[in-house]
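Colleague: Structure: structure.cif, mmCIF, N, CA and C atoms.
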```
data_my_file
loop_
_atom_site.label_atom_id
_atom_site.label_comp_id
_atom_site.auth_asym_id
_atom_site.auth_seq_id
_atom_site.Cartn_x
_atom_site.Cartn_y
_atom_site.Cartn_z
N MET S 22 -65.58 58.24 62.02
CA MET S 22 -65.34 58.03 60.61
C MET S 22 -63.83 57.91 60.37
N ILE S 23 -63.45 56.99 59.51
CA ILE S 23 -62.05 56.76 59.16
C ILE S 23 -61.73 57.51 57.88
N VAL S 24 -60.62 58.24 57.90
CA VAL S 24 -60.15 58.98 56.73
C VAL S 24 -58.73 58.53 56.44
N ILE S 25 -58.44 58.31 55.16
CA ILE S 25 -57.08 58.00 54.72
C ILE S 25 -56.70 59.04 53.70
N ASP S 26 -55.55 59.69 53.93
CA ASP S 26 -55.11 60.64 52.92
C ASP S 26 -53.59 60.69 52.83
N LYS S 27 -53.11 61.40 51.81
CA LYS S 27 -51.68 61.43 51.50
C LYS S 27 -51.01 62.74 51.90
N ASP S 28 -51.67 63.55 52.68
CA ASP S 28 -51.11 64.82 53.13
C ASP S 28 -50.05 64.56 54.21
N LYS S 29 -48.79 64.70 53.83
CA LYS S 29 -47.70 64.42 54.76
C LYS S 29 -47.67 65.38 55.95
N THR S 30 -48.24 66.57 55.79
CA THR S 30 -48.23 67.53 56.90
C THR S 30 -49.11 67.08 58.06
N LYS S 31 -50.03 66.16 57.81
CA LYS S 31 -50.91 65.65 58.87
C LYS S 31 -50.27 64.50 59.65
N LEU S 32 -49.22 63.90 59.12
CA LEU S 32 -48.64 62.72 59.75
C LEU S 32 -48.08 63.02 61.14
N ASP S 33 -48.35 62.14 62.07
CA ASP S 33 -47.82 62.23 63.43
C ASP S 33 -46.51 61.45 63.45
N VAL S 34 -45.42 62.14 63.09
CA VAL S 34 -44.12 61.47 62.94
C VAL S 34 -43.66 60.81 64.24
N PRO S 35 -43.80 61.45 65.41
CA PRO S 35 -43.41 60.75 66.64
C PRO S 35 -44.20 59.45 66.85
N LEU S 36 -45.49 59.44 66.53
CA LEU S 36 -46.29 58.22 66.64
C LEU S 36 -45.77 57.15 65.68
N ILE S 37 -45.52 57.55 64.43
CA ILE S 37 -45.02 56.61 63.43
C ILE S 37 -43.68 56.04 63.90
N HIS S 38 -42.80 56.90 64.37
CA HIS S 38 -41.49 56.45 64.85
C HIS S 38 -41.65 55.50 66.04
N SER S 39 -42.47 55.86 66.98
CA SER S 39 -42.68 55.03 68.17
C SER S 39 -43.13 53.63 67.78
N PHE S 40 -44.03 53.54 66.82
CA PHE S 40 -44.53 52.23 66.41
C PHE S 40 -43.49 51.48 65.59
N ILE S 41 -43.04 52.10 64.51
CA ILE S 41 -42.16 51.39 63.56
C ILE S 41 -40.84 51.00 64.19
N SER S 42 -40.27 51.83 65.03
CA SER S 42 -38.95 51.52 65.61
C SER S 42 -39.01 50.35 66.59
N ASN S 43 -40.20 49.86 66.87
CA ASN S 43 -40.35 48.70 67.75
C ASN S 43 -40.86 47.46 67.02
N THR S 44 -40.86 47.49 65.69
CA THR S 44 -41.34 46.35 64.91
C THR S 44 -40.18 45.42 64.55
N TYR S 45 -40.52 44.20 64.12
CA TYR S 45 -39.47 43.26 63.70
C TYR S 45 -38.74 43.75 62.45
N TRP S 46 -39.40 44.54 61.63
CA TRP S 46 -38.79 44.93 60.36
C TRP S 46 -37.96 46.22 60.46
N ALA S 47 -38.13 46.98 61.54
CA ALA S 47 -37.41 48.26 61.62
C ALA S 47 -36.97 48.58 63.04
N LYS S 48 -36.67 47.55 63.80
CA LYS S 48 -36.26 47.73 65.20
C LYS S 48 -35.13 48.75 65.31
N GLY S 49 -35.36 49.77 66.10
CA GLY S 49 -34.32 50.76 66.36
C GLY S 49 -34.15 51.83 65.29
N ARG S 50 -34.99 51.86 64.28
CA ARG S 50 -34.87 52.90 63.25
C ARG S 50 -35.02 54.27 63.91
N SER S 51 -34.13 55.18 63.61
CA SER S 51 -34.14 56.51 64.23
C SER S 51 -35.27 57.37 63.68
N ILE S 52 -35.61 58.39 64.44
CA ILE S 52 -36.65 59.31 63.97
C ILE S 52 -36.17 60.05 62.72
N GLU S 53 -34.87 60.33 62.64
CA GLU S 53 -34.33 60.98 61.44
C GLU S 53 -34.49 60.08 60.22
N ALA S 54 -34.29 58.79 60.39
CA ALA S 54 -34.49 57.84 59.29
C ALA S 54 -35.96 57.78 58.90
N ILE S 55 -36.85 57.77 59.89
CA ILE S 55 -38.29 57.77 59.62
C ILE S 55 -38.66 59.02 58.81
N GLU S 56 -38.17 60.16 59.23
CA GLU S 56 -38.46 61.40 58.52
C GLU S 56 -37.98 61.33 57.07
N LYS S 57 -36.81 60.76 56.85
CA LYS S 57 -36.27 60.64 55.49
C LYS S 57 -37.11 59.68 54.65
N THR S 58 -37.57 58.58 55.24
CA THR S 58 -38.40 57.64 54.49
C THR S 58 -39.73 58.28 54.10
N ILE S 59 -40.28 59.08 54.99
CA ILE S 59 -41.53 59.79 54.68
C ILE S 59 -41.30 60.79 53.55
N GLU S 60 -40.21 61.53 53.65
CA GLU S 60 -39.89 62.53 52.62
C GLU S 60 -39.78 61.89 51.23
N ASN S 61 -39.25 60.68 51.16
CA ASN S 61 -38.96 60.04 49.88
C ASN S 61 -39.97 58.97 49.47
N SER S 62 -41.15 58.99 50.05
CA SER S 62 -42.17 58.00 49.76
C SER S 62 -43.53 58.66 49.55
N ILE S 63 -44.42 57.89 48.97
CA ILE S 63 -45.84 58.27 48.91
C ILE S 63 -46.44 57.70 50.19
N CYS S 64 -46.96 58.56 51.04
CA CYS S 64 -47.42 58.12 52.36
C CYS S 64 -48.93 58.21 52.49
N PHE S 65 -49.46 57.29 53.28
CA PHE S 65 -50.89 57.21 53.55
C PHE S 65 -51.10 57.21 55.06
N GLY S 66 -51.72 58.25 55.56
CA GLY S 66 -52.06 58.31 56.97
C GLY S 66 -53.52 57.92 57.14
N MET S 67 -53.79 57.15 58.18
CA MET S 67 -55.17 56.76 58.50
C MET S 67 -55.56 57.45 59.80
N TYR S 68 -56.72 58.09 59.79
CA TYR S 68 -57.15 58.91 60.92
C TYR S 68 -58.57 58.58 61.34
N LYS S 69 -58.78 58.60 62.64
CA LYS S 69 -60.12 58.49 63.21
C LYS S 69 -60.31 59.74 64.06
N GLU S 70 -61.27 60.55 63.67
CA GLU S 70 -61.53 61.82 64.37
C GLU S 70 -60.24 62.63 64.53
N ASP S 71 -59.50 62.78 63.45
CA ASP S 71 -58.25 63.56 63.39
C ASP S 71 -57.09 62.97 64.18
N GLU S 72 -57.24 61.80 64.76
CA GLU S 72 -56.15 61.13 65.47
C GLU S 72 -55.59 60.05 64.54
N GLN S 73 -54.27 60.05 64.35
CA GLN S 73 -53.68 59.05 63.48
C GLN S 73 -53.72 57.69 64.14
N ILE S 74 -54.23 56.69 63.39
CA ILE S 74 -54.34 55.33 63.91
C ILE S 74 -53.63 54.32 63.01
N GLY S 75 -53.13 54.76 61.85
CA GLY S 75 -52.45 53.85 60.95
C GLY S 75 -51.59 54.60 59.96
N PHE S 76 -50.78 53.83 59.24
CA PHE S 76 -49.82 54.41 58.31
C PHE S 76 -49.38 53.36 57.32
N ALA S 77 -49.01 53.81 56.15
CA ALA S 77 -48.33 52.97 55.15
C ALA S 77 -47.59 53.90 54.21
N ARG S 78 -46.58 53.36 53.57
CA ARG S 78 -45.89 54.15 52.57
C ARG S 78 -45.55 53.27 51.38
N VAL S 79 -45.36 53.93 50.24
CA VAL S 79 -45.05 53.23 49.01
C VAL S 79 -43.86 53.93 48.36
N VAL S 80 -42.88 53.14 47.96
CA VAL S 80 -41.77 53.63 47.17
C VAL S 80 -42.06 53.20 45.74
N SER S 81 -42.10 54.17 44.82
CA SER S 81 -42.55 53.85 43.47
C SER S 81 -42.05 54.85 42.44
N ASP S 82 -41.93 54.38 41.20
CA ASP S 82 -41.72 55.29 40.08
C ASP S 82 -43.06 55.71 39.48
N THR S 83 -44.15 55.19 40.00
CA THR S 83 -45.55 55.45 39.64
C THR S 83 -45.93 54.96 38.24
N VAL S 84 -45.06 54.19 37.62
CA VAL S 84 -45.36 53.65 36.29
C VAL S 84 -45.17 52.14 36.26
N VAL S 85 -44.02 51.68 36.70
CA VAL S 85 -43.66 50.27 36.56
C VAL S 85 -43.69 49.54 37.90
N PHE S 86 -43.20 50.15 38.95
CA PHE S 86 -42.88 49.44 40.18
C PHE S 86 -43.41 50.17 41.41
N ALA S 87 -43.94 49.40 42.36
CA ALA S 87 -44.39 49.95 43.64
C ALA S 87 -44.07 48.96 44.76
N TYR S 88 -43.47 49.46 45.81
CA TYR S 88 -43.07 48.64 46.96
C TYR S 88 -43.81 49.18 48.19
N ILE S 89 -44.72 48.38 48.73
CA ILE S 89 -45.50 48.77 49.91
C ILE S 89 -44.66 48.47 51.15
N MET S 90 -44.59 49.45 52.05
CA MET S 90 -43.73 49.32 53.23
C MET S 90 -44.38 49.93 54.48
N ASP S 91 -43.90 49.52 55.62
CA ASP S 91 -44.23 50.13 56.92
C ASP S 91 -45.72 50.25 57.19
N VAL S 92 -46.48 49.25 56.79
CA VAL S 92 -47.93 49.27 57.00
C VAL S 92 -48.23 48.91 58.46
N PHE S 93 -49.04 49.74 59.11
CA PHE S 93 -49.50 49.37 60.45
C PHE S 93 -50.81 50.06 60.79
N VAL S 94 -51.55 49.41 61.66
CA VAL S 94 -52.72 49.99 62.33
C VAL S 94 -52.44 49.78 63.82
N LEU S 95 -52.64 50.80 64.61
CA LEU S 95 -52.38 50.68 66.05
C LEU S 95 -53.17 49.51 66.63
N PRO S 96 -52.58 48.80 67.59
CA PRO S 96 -53.22 47.59 68.13
C PRO S 96 -54.66 47.77 68.58
N GLU S 97 -54.98 48.88 69.20
CA GLU S 97 -56.34 49.06 69.72
C GLU S 97 -57.38 49.25 68.63
N TYR S 98 -56.95 49.42 67.37
CA TYR S 98 -57.88 49.60 66.25
C TYR S 98 -57.89 48.40 65.30
N ARG S 99 -57.20 47.36 65.65
CA ARG S 99 -57.15 46.17 64.78
C ARG S 99 -58.44 45.36 64.90
N GLY S 100 -58.66 44.53 63.89
CA GLY S 100 -59.84 43.67 63.88
C GLY S 100 -61.10 44.36 63.39
N LYS S 101 -60.94 45.53 62.81
CA LYS S 101 -62.10 46.30 62.33
C LYS S 101 -62.05 46.50 60.81
N GLY S 102 -61.12 45.82 60.14
CA GLY S 102 -61.00 45.95 58.69
C GLY S 102 -60.17 47.13 58.22
N TYR S 103 -59.52 47.83 59.14
CA TYR S 103 -58.77 49.03 58.76
C TYR S 103 -57.53 48.70 57.93
N SER S 104 -56.87 47.58 58.21
CA SER S 104 -55.71 47.19 57.41
C SER S 104 -56.12 46.94 55.96
N LYS S 105 -57.24 46.26 55.79
CA LYS S 105 -57.75 46.02 54.42
C LYS S 105 -58.05 47.35 53.74
N ARG S 106 -58.60 48.25 54.49
CA ARG S 106 -58.98 49.54 53.92
C ARG S 106 -57.76 50.34 53.46
N ILE S 107 -56.69 50.35 54.23
CA ILE S 107 -55.52 51.12 53.82
C ILE S 107 -54.83 50.47 52.62
N VAL S 108 -54.78 49.14 52.59
CA VAL S 108 -54.19 48.46 51.43
C VAL S 108 -55.02 48.73 50.18
N GLN S 109 -56.33 48.63 50.28
CA GLN S 109 -57.19 48.90 49.13
C GLN S 109 -57.02 50.34 48.65
N THR S 110 -56.91 51.27 49.58
CA THR S 110 -56.71 52.67 49.22
C THR S 110 -55.40 52.85 48.44
N ILE S 111 -54.37 52.18 48.87
CA ILE S 111 -53.08 52.24 48.17
C ILE S 111 -53.23 51.70 46.75
N LEU S 112 -53.82 50.53 46.63
CA LEU S 112 -53.95 49.89 45.32
C LEU S 112 -54.85 50.67 44.36
N ASP S 113 -55.81 51.41 44.90
CA ASP S 113 -56.73 52.20 44.09
C ASP S 113 -56.22 53.62 43.82
N ASP S 114 -55.13 54.00 44.43
CA ASP S 114 -54.65 55.37 44.34
C ASP S 114 -54.38 55.78 42.89
N GLU S 115 -54.88 56.93 42.52
CA GLU S 115 -54.75 57.45 41.15
C GLU S 115 -53.28 57.54 40.71
N GLU S 116 -52.42 57.96 41.60
CA GLU S 116 -51.00 58.12 41.28
C GLU S 116 -50.30 56.78 41.04
N LEU S 117 -50.81 55.71 41.64
CA LEU S 117 -50.16 54.40 41.58
C LEU S 117 -50.88 53.39 40.70
N LYS S 118 -52.04 53.72 40.20
CA LYS S 118 -52.90 52.73 39.54
C LYS S 118 -52.29 52.09 38.30
N ASN S 119 -51.31 52.73 37.67
CA ASN S 119 -50.71 52.16 36.46
C ASN S 119 -49.52 51.25 36.72
N CYS S 120 -49.09 51.14 37.96
CA CYS S 120 -47.96 50.26 38.28
C CYS S 120 -48.35 48.82 37.99
N ASN S 121 -47.47 48.10 37.31
CA ASN S 121 -47.80 46.70 37.00
C ASN S 121 -46.99 45.71 37.82
N SER S 122 -46.09 46.18 38.65
CA SER S 122 -45.32 45.28 39.50
C SER S 122 -45.34 45.83 40.93
N TRP S 123 -45.98 45.09 41.81
CA TRP S 123 -46.11 45.46 43.22
C TRP S 123 -45.38 44.43 44.07
N VAL S 124 -44.64 44.87 45.08
CA VAL S 124 -43.98 43.96 46.00
C VAL S 124 -44.14 44.45 47.43
N LEU S 125 -43.92 43.55 48.35
CA LEU S 125 -43.87 43.87 49.77
C LEU S 125 -43.17 42.72 50.47
N LYS S 126 -42.79 42.95 51.71
CA LYS S 126 -42.21 41.90 52.55
C LYS S 126 -43.05 41.81 53.82
N THR S 127 -43.29 40.59 54.25
CA THR S 127 -44.00 40.39 55.52
C THR S 127 -43.63 39.03 56.10
N LEU S 128 -43.60 38.96 57.41
CA LEU S 128 -43.43 37.68 58.10
C LEU S 128 -44.75 37.14 58.61
N ASP S 129 -45.73 38.02 58.80
CA ASP S 129 -46.93 37.60 59.53
C ASP S 129 -48.26 38.08 58.97
N ALA S 130 -48.27 38.72 57.81
CA ALA S 130 -49.54 39.26 57.29
C ALA S 130 -49.87 38.72 55.90
N HIS S 131 -49.42 37.52 55.61
CA HIS S 131 -49.67 36.93 54.29
C HIS S 131 -51.16 36.87 53.97
N GLY S 132 -51.96 36.50 54.94
CA GLY S 132 -53.41 36.38 54.73
C GLY S 132 -54.04 37.69 54.29
N LEU S 133 -53.60 38.79 54.88
CA LEU S 133 -54.12 40.10 54.49
C LEU S 133 -53.80 40.37 53.02
N TYR S 134 -52.56 40.24 52.66
CA TYR S 134 -52.13 40.62 51.31
C TYR S 134 -52.62 39.65 50.23
N GLU S 135 -52.80 38.39 50.60
CA GLU S 135 -53.32 37.42 49.63
C GLU S 135 -54.72 37.82 49.16
N LYS S 136 -55.49 38.47 50.02
CA LYS S 136 -56.83 38.94 49.65
C LYS S 136 -56.79 39.95 48.51
N PHE S 137 -55.63 40.54 48.29
CA PHE S 137 -55.47 41.55 47.25
C PHE S 137 -54.66 41.04 46.06
N GLY S 138 -54.45 39.72 46.02
CA GLY S 138 -53.76 39.12 44.88
C GLY S 138 -52.26 38.96 45.04
N PHE S 139 -51.71 39.32 46.18
CA PHE S 139 -50.28 39.09 46.40
C PHE S 139 -50.04 37.61 46.64
N HIS S 140 -48.88 37.13 46.23
CA HIS S 140 -48.52 35.72 46.41
C HIS S 140 -47.01 35.62 46.53
N GLN S 141 -46.55 34.43 46.86
CA GLN S 141 -45.10 34.19 46.94
C GLN S 141 -44.48 34.54 45.58
N ILE S 142 -43.25 35.00 45.58
CA ILE S 142 -42.57 35.35 44.34
C ILE S 142 -42.49 34.12 43.46
N GLU S 143 -42.96 34.26 42.23
CA GLU S 143 -43.04 33.13 41.30
C GLU S 143 -41.67 32.61 40.90
N PHE S 144 -40.75 33.49 40.65
CA PHE S 144 -39.41 33.09 40.24
C PHE S 144 -38.38 33.75 41.16
N PRO S 145 -38.25 33.25 42.39
CA PRO S 145 -37.33 33.91 43.33
C PRO S 145 -35.89 33.93 42.82
N GLU S 146 -35.55 33.01 41.92
CA GLU S 146 -34.19 32.98 41.39
C GLU S 146 -33.87 34.23 40.55
N LYS S 147 -34.88 34.99 40.16
CA LYS S 147 -34.65 36.22 39.41
C LYS S 147 -34.31 37.39 40.32
N PHE S 148 -34.61 37.26 41.60
CA PHE S 148 -34.42 38.36 42.53
C PHE S 148 -33.07 38.27 43.22
N MET S 149 -32.50 39.41 43.44
CA MET S 149 -31.26 39.50 44.19
C MET S 149 -31.41 40.64 45.19
N GLU S 150 -30.60 40.61 46.21
CA GLU S 150 -30.61 41.70 47.17
C GLU S 150 -29.21 41.95 47.67
N LYS S 151 -29.01 43.14 48.17
CA LYS S 151 -27.74 43.53 48.78
C LYS S 151 -28.07 44.20 50.09
N LYS S 152 -27.51 43.71 51.14
CA LYS S 152 -27.75 44.30 52.46
C LYS S 152 -26.48 44.96 52.94
N LYS S 153 -26.66 46.00 53.69
CA LYS S 153 -25.54 46.74 54.26
C LYS S 153 -24.92 45.99 55.39
#
```
Would you kindly transcribe this structure into structure tokens?
Modeller:
Amino acid sequence: MIVIDKDKTKLDVPLIHSFISNTYWAKGRSIEAIEKTIENSICFGMYKEDEQIGFARVVSDTVVFAYIMDVFVLPEYRGKGYSKRIVQTILDDEELKNCNSWVLKTLDAHGLYEKFGFHQIEFPEKFMEKKK
């Protein structure tokens, strides 16, 4: 049985670090940085028989804006609908349900997020960013 919950004490931080620090979006991110992102986010752990198999986090004010980040399901558990399940859980979450502006970044999972109504930014000229 798959369980998704927001209890940060259950998160396997070394597993999350091992996975995320090897992704295109967070290559080399330190475990200290991972711990800080968890501390400052709403986190969703996905578990199969008490073993963590997935993760996602959301940065949000819980009213206006929510940014979905660091979503993953371990490779050996992919293709079973678990990614869809964690995204749906996030979107249905009681704490986040009133947010009217959701964003995320992806290079390779557009098809997944499009199923939930995400699309290319309508007016990219309105957005700005600052990188370190």
Colleague: Since I can't run it myself right now, could you work out what the PyMOL selection byres (((chain S and resi 27 and name CA) around 12) and name CA) selects here and report it as a PyMOL selection string?
Modeller: chain S and resi 24-26+28-32+59-60+62-68+76-79+107+110-111+114-116
Colleague: Neighbourhood query: residues within 8 Å of (-41.1, 42.9, 59.4), file coordinates, counting all atoms listed in the file; return as a compact mmCIF listing (two decimals) with N, CA and C atoms, in the coordinates of the input.
Modeller:
```txt
# COMPACT_ATOMS: atom_id res chain seq x y z
N THR S 44 -40.86 47.49 65.69
CA THR S 44 -41.34 46.35 64.91
C THR S 44 -40.18 45.42 64.55
N TYR S 45 -40.52 44.20 64.12
CA TYR S 45 -39.47 43.26 63.70
C TYR S 45 -38.74 43.75 62.45
N TRP S 46 -39.40 44.54 61.63
CA TRP S 46 -38.79 44.93 60.36
C TRP S 46 -37.96 46.22 60.46
N ALA S 47 -38.13 46.98 61.54
CA ALA S 47 -37.41 48.26 61.62
C ALA S 47 -36.97 48.58 63.04
N LYS S 48 -36.67 47.55 63.80
CA LYS S 48 -36.26 47.73 65.20
C LYS S 48 -35.13 48.75 65.31
N LYS S 126 -42.79 42.95 51.71
CA LYS S 126 -42.21 41.90 52.55
C LYS S 126 -43.05 41.81 53.82
N THR S 127 -43.29 40.59 54.25
CA THR S 127 -44.00 40.39 55.52
C THR S 127 -43.63 39.03 56.10
N LEU S 128 -43.60 38.96 57.41
CA LEU S 128 -43.43 37.68 58.10
C LEU S 128 -44.75 37.14 58.61
N ASP S 129 -45.73 38.02 58.80
CA ASP S 129 -46.93 37.60 59.53
C ASP S 129 -48.26 38.08 58.97
```
Colleague: Using backbone DSSP assignments, extract all alpha helix (DSSP H) residues from chain S; output them as number ranges by chain.
Modeller: S: 34-41, 52-60, 103-113, 131-135
Colleague: Given the selection you just returned, output its residues as a file containing N, CA and C atoms, formatted as a short mmCIF file (atom, residue, chain, number, x, y, z; two decimals), keeping the file's coordinate frame.
Modeller:
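Once written, result-v2.cif looks like this:
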```cif
data_model
loop_
_atom_site.label_atom_id
_atom_site.label_comp_id
_atom_site.auth_asym_id
_atom_site.auth_seq_id
_atom_site.Cartn_x
_atom_site.Cartn_y
_atom_site.Cartn_z
N VAL S 34 -45.42 62.14 63.09
CA VAL S 34 -44.12 61.47 62.94
C VAL S 34 -43.66 60.81 64.24
N PRO S 35 -43.80 61.45 65.41
CA PRO S 35 -43.41 60.75 66.64
C PRO S 35 -44.20 59.45 66.85
N LEU S 36 -45.49 59.44 66.53
CA LEU S 36 -46.29 58.22 66.64
C LEU S 36 -45.77 57.15 65.68
N ILE S 37 -45.52 57.55 64.43
CA ILE S 37 -45.02 56.61 63.43
C ILE S 37 -43.68 56.04 63.90
N HIS S 38 -42.80 56.90 64.37
CA HIS S 38 -41.49 56.45 64.85
C HIS S 38 -41.65 55.50 66.04
N SER S 39 -42.47 55.86 66.98
CA SER S 39 -42.68 55.03 68.17
C SER S 39 -43.13 53.63 67.78
N PHE S 40 -44.03 53.54 66.82
CA PHE S 40 -44.53 52.23 66.41
C PHE S 40 -43.49 51.48 65.59
N ILE S 41 -43.04 52.10 64.51
CA ILE S 41 -42.16 51.39 63.56
C ILE S 41 -40.84 51.00 64.19
N ILE S 52 -35.61 58.39 64.44
CA ILE S 52 -36.65 59.31 63.97
C ILE S 52 -36.17 60.05 62.72
N GLU S 53 -34.87 60.33 62.64
CA GLU S 53 -34.33 60.98 61.44
C GLU S 53 -34.49 60.08 60.22
N ALA S 54 -34.29 58.79 60.39
CA ALA S 54 -34.49 57.84 59.29
C ALA S 54 -35.96 57.78 58.90
N ILE S 55 -36.85 57.77 59.89
CA ILE S 55 -38.29 57.77 59.62
C ILE S 55 -38.66 59.02 58.81
N GLU S 56 -38.17 60.16 59.23
CA GLU S 56 -38.46 61.40 58.52
C GLU S 56 -37.98 61.33 57.07
N LYS S 57 -36.81 60.76 56.85
CA LYS S 57 -36.27 60.64 55.49
C LYS S 57 -37.11 59.68 54.65
N THR S 58 -37.57 58.58 55.24
CA THR S 58 -38.40 57.64 54.49
C THR S 58 -39.73 58.28 54.10
N ILE S 59 -40.28 59.08 54.99
CA ILE S 59 -41.53 59.79 54.68
C ILE S 59 -41.30 60.79 53.55
N GLU S 60 -40.21 61.53 53.65
CA GLU S 60 -39.89 62.53 52.62
C GLU S 60 -39.78 61.89 51.23
N TYR S 103 -59.52 47.83 59.14
CA TYR S 103 -58.77 49.03 58.76
C TYR S 103 -57.53 48.70 57.93
N SER S 104 -56.87 47.58 58.21
CA SER S 104 -55.71 47.19 57.41
C SER S 104 -56.12 46.94 55.96
N LYS S 105 -57.24 46.26 55.79
CA LYS S 105 -57.75 46.02 54.42
C LYS S 105 -58.05 47.35 53.74
N ARG S 106 -58.60 48.25 54.49
CA ARG S 106 -58.98 49.54 53.92
C ARG S 106 -57.76 50.34 53.46
N ILE S 107 -56.69 50.35 54.23
CA ILE S 107 -55.52 51.12 53.82
C ILE S 107 -54.83 50.47 52.62
N VAL S 108 -54.78 49.14 52.59
CA VAL S 108 -54.19 48.46 51.43
C VAL S 108 -55.02 48.73 50.18
N GLN S 109 -56.33 48.63 50.28
CA GLN S 109 -57.19 48.90 49.13
C GLN S 109 -57.02 50.34 48.65
N THR S 110 -56.91 51.27 49.58
CA THR S 110 -56.71 52.67 49.22
C THR S 110 -55.40 52.85 48.44
N ILE S 111 -54.37 52.18 48.87
CA ILE S 111 -53.08 52.24 48.17
C ILE S 111 -53.23 51.70 46.75
N LEU S 112 -53.82 50.53 46.63
CA LEU S 112 -53.95 49.89 45.32
C LEU S 112 -54.85 50.67 44.36
N ASP S 113 -55.81 51.41 44.90
CA ASP S 113 -56.73 52.20 44.09
C ASP S 113 -56.22 53.62 43.82
N HIS S 131 -49.42 37.52 55.61
CA HIS S 131 -49.67 36.93 54.29
C HIS S 131 -51.16 36.87 53.97
N GLY S 132 -51.96 36.50 54.94
CA GLY S 132 -53.41 36.38 54.73
C GLY S 132 -54.04 37.69 54.29
N LEU S 133 -53.60 38.79 54.88
CA LEU S 133 -54.12 40.10 54.49
C LEU S 133 -53.80 40.37 53.02
N TYR S 134 -52.56 40.24 52.66
CA TYR S 134 -52.13 40.62 51.31
C TYR S 134 -52.62 39.65 50.23
N GLU S 135 -52.80 38.39 50.60
CA GLU S 135 -53.32 37.42 49.63
C GLU S 135 -54.72 37.82 49.16
#
```
Colleague: Using the chain letters and residue numbers of this document, give as a list in words the residues selected by the PyMOL selection byres ((chain S and resi 87) around 6).
Modeller: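 After applying the PyMOL selection byres ((chain S and resi 87) around 6), what remains is Val80, Ser81, Asp82, Val85, Phe86, Tyr88, Ile89, Cys120, Ser122, Trp123 and Val124 of chain S.
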Colleague: Go through S:Lys147, S:Val94, S:Asp33, S:Lys105 one by one, measure the shortest atom-to-atom distance of each to Leu133 in chain S using only N, CA and C atoms, and give the residue with the smallest value.
Modeller: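 Checking each candidate against Leu133 in chain S, we get S:Lys105 as the closest.
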Colleague: Starting from 8 Å padding per side, set up an axis-aligned box that covers all listed atoms of range 56-70 of chain S and hand over centre and edge lengths in Å, one decimal, as JSON.
Modeller:
```
{"center_x": -48.9, "center_y": 59.7, "center_z": 56.7, "size_x": 41.3, "size_y": 21.9, "size_z": 31.6}
```
Colleague: So how far away is CA of His38 in chain S from CA of Arg99 in chain S, in Å?
Modeller: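 Distance between the two atoms: 18.7 Å.
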Colleague: Between CA of Asp71 in chain S and CA of Ser39 in chain S, what is the spacing in Å?
Modeller: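 Pair CA of Ser39 in chain S / CA of Asp71 in chain S returns 18.4 Å.
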Colleague: Please, which residues of chain S, numbered as in this document, come out strand (DSSP E or B) from DSSP, as a PyMOL selection string?
Modeller: chain S and resi 23-26+63-69+72-81+86-94+122-124
Colleague: In Å, with one decimal, what is the gap from atom C of Gln109 in chain S to atom C of Glu56 in chain S?
Modeller: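 Going from atom C of Gln109 in chain S over to atom C of Glu56 in chain S covers 23.5 Å.
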Colleague: When the PyMOL selection byres (((chain S and resi 141 and name CA) around 12) and name CA) is applied to the structure above, which residues does it catch, written out as a ChimeraX atom specification?
Modeller: /S:123-128,131-132,134-135,138-140,142-145
Colleague: Those selected residues, please, written with N, CA and C atoms and delivered as a compact mmCIF listing (two decimals), in the coordinates of the input.
Modeller:
```txt
# COMPACT_ATOMS: atom_id res chain seq x y z
N TRP S 123 -45.98 45.09 41.81
CA TRP S 123 -46.11 45.46 43.22
C TRP S 123 -45.38 44.43 44.07
N VAL S 124 -44.64 44.87 45.08
CA VAL S 124 -43.98 43.96 46.00
C VAL S 124 -44.14 44.45 47.43
N LEU S 125 -43.92 43.55 48.35
CA LEU S 125 -43.87 43.87 49.77
C LEU S 125 -43.17 42.72 50.47
N LYS S 126 -42.79 42.95 51.71
CA LYS S 126 -42.21 41.90 52.55
C LYS S 126 -43.05 41.81 53.82
N THR S 127 -43.29 40.59 54.25
CA THR S 127 -44.00 40.39 55.52
C THR S 127 -43.63 39.03 56.10
N LEU S 128 -43.60 38.96 57.41
CA LEU S 128 -43.43 37.68 58.10
C LEU S 128 -44.75 37.14 58.61
N HIS S 131 -49.42 37.52 55.61
CA HIS S 131 -49.67 36.93 54.29
C HIS S 131 -51.16 36.87 53.97
N GLY S 132 -51.96 36.50 54.94
CA GLY S 132 -53.41 36.38 54.73
C GLY S 132 -54.04 37.69 54.29
N TYR S 134 -52.56 40.24 52.66
CA TYR S 134 -52.13 40.62 51.31
C TYR S 134 -52.62 39.65 50.23
N GLU S 135 -52.80 38.39 50.60
CA GLU S 135 -53.32 37.42 49.63
C GLU S 135 -54.72 37.82 49.16
N GLY S 138 -54.45 39.72 46.02
CA GLY S 138 -53.76 39.12 44.88
C GLY S 138 -52.26 38.96 45.04
N PHE S 139 -51.71 39.32 46.18
CA PHE S 139 -50.28 39.09 46.40
C PHE S 139 -50.04 37.61 46.64
N HIS S 140 -48.88 37.13 46.23
CA HIS S 140 -48.52 35.72 46.41
C HIS S 140 -47.01 35.62 46.53
N ILE S 142 -43.25 35.00 45.58
CA ILE S 142 -42.57 35.35 44.34
C ILE S 142 -42.49 34.12 43.46
N GLU S 143 -42.96 34.26 42.23
CA GLU S 143 -43.04 33.13 41.30
C GLU S 143 -41.67 32.61 40.90
N PHE S 144 -40.75 33.49 40.65
CA PHE S 144 -39.41 33.09 40.24
C PHE S 144 -38.38 33.75 41.16
N PRO S 145 -38.25 33.25 42.39
CA PRO S 145 -37.33 33.91 43.33
C PRO S 145 -35.89 33.93 42.82
```
Colleague: Identify which of the residues S:Gly49, S:Thr58, S:Ser104, S:Thr83 lies closest to Phe137 in chain S, counting only C-alpha atoms when measuring atom-to-atom distances.
Modeller: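 Closest to Phe137 in chain S, using only C-alpha atoms: S:Ser104.
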Colleague: Tell me which of S:Asn43, S:Val84, S:Met90, S:Lys136 sits closest to Asn119 in chain S, counting only C-alpha atoms.
Modeller: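 Looking only at the distances to Asn119 in chain S, the closest residue turns out to be S:Val84.
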Colleague: Go through S:Glu70, S:Lys153, S:Arg106, S:Leu95 one by one, measure the shortest atom-to-atom distance of each to Met22 in chain S using all atoms listed in the file, and give the residue with the smallest value.
Modeller: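 Closest residue, counting all atoms listed in the file: S:Glu70.
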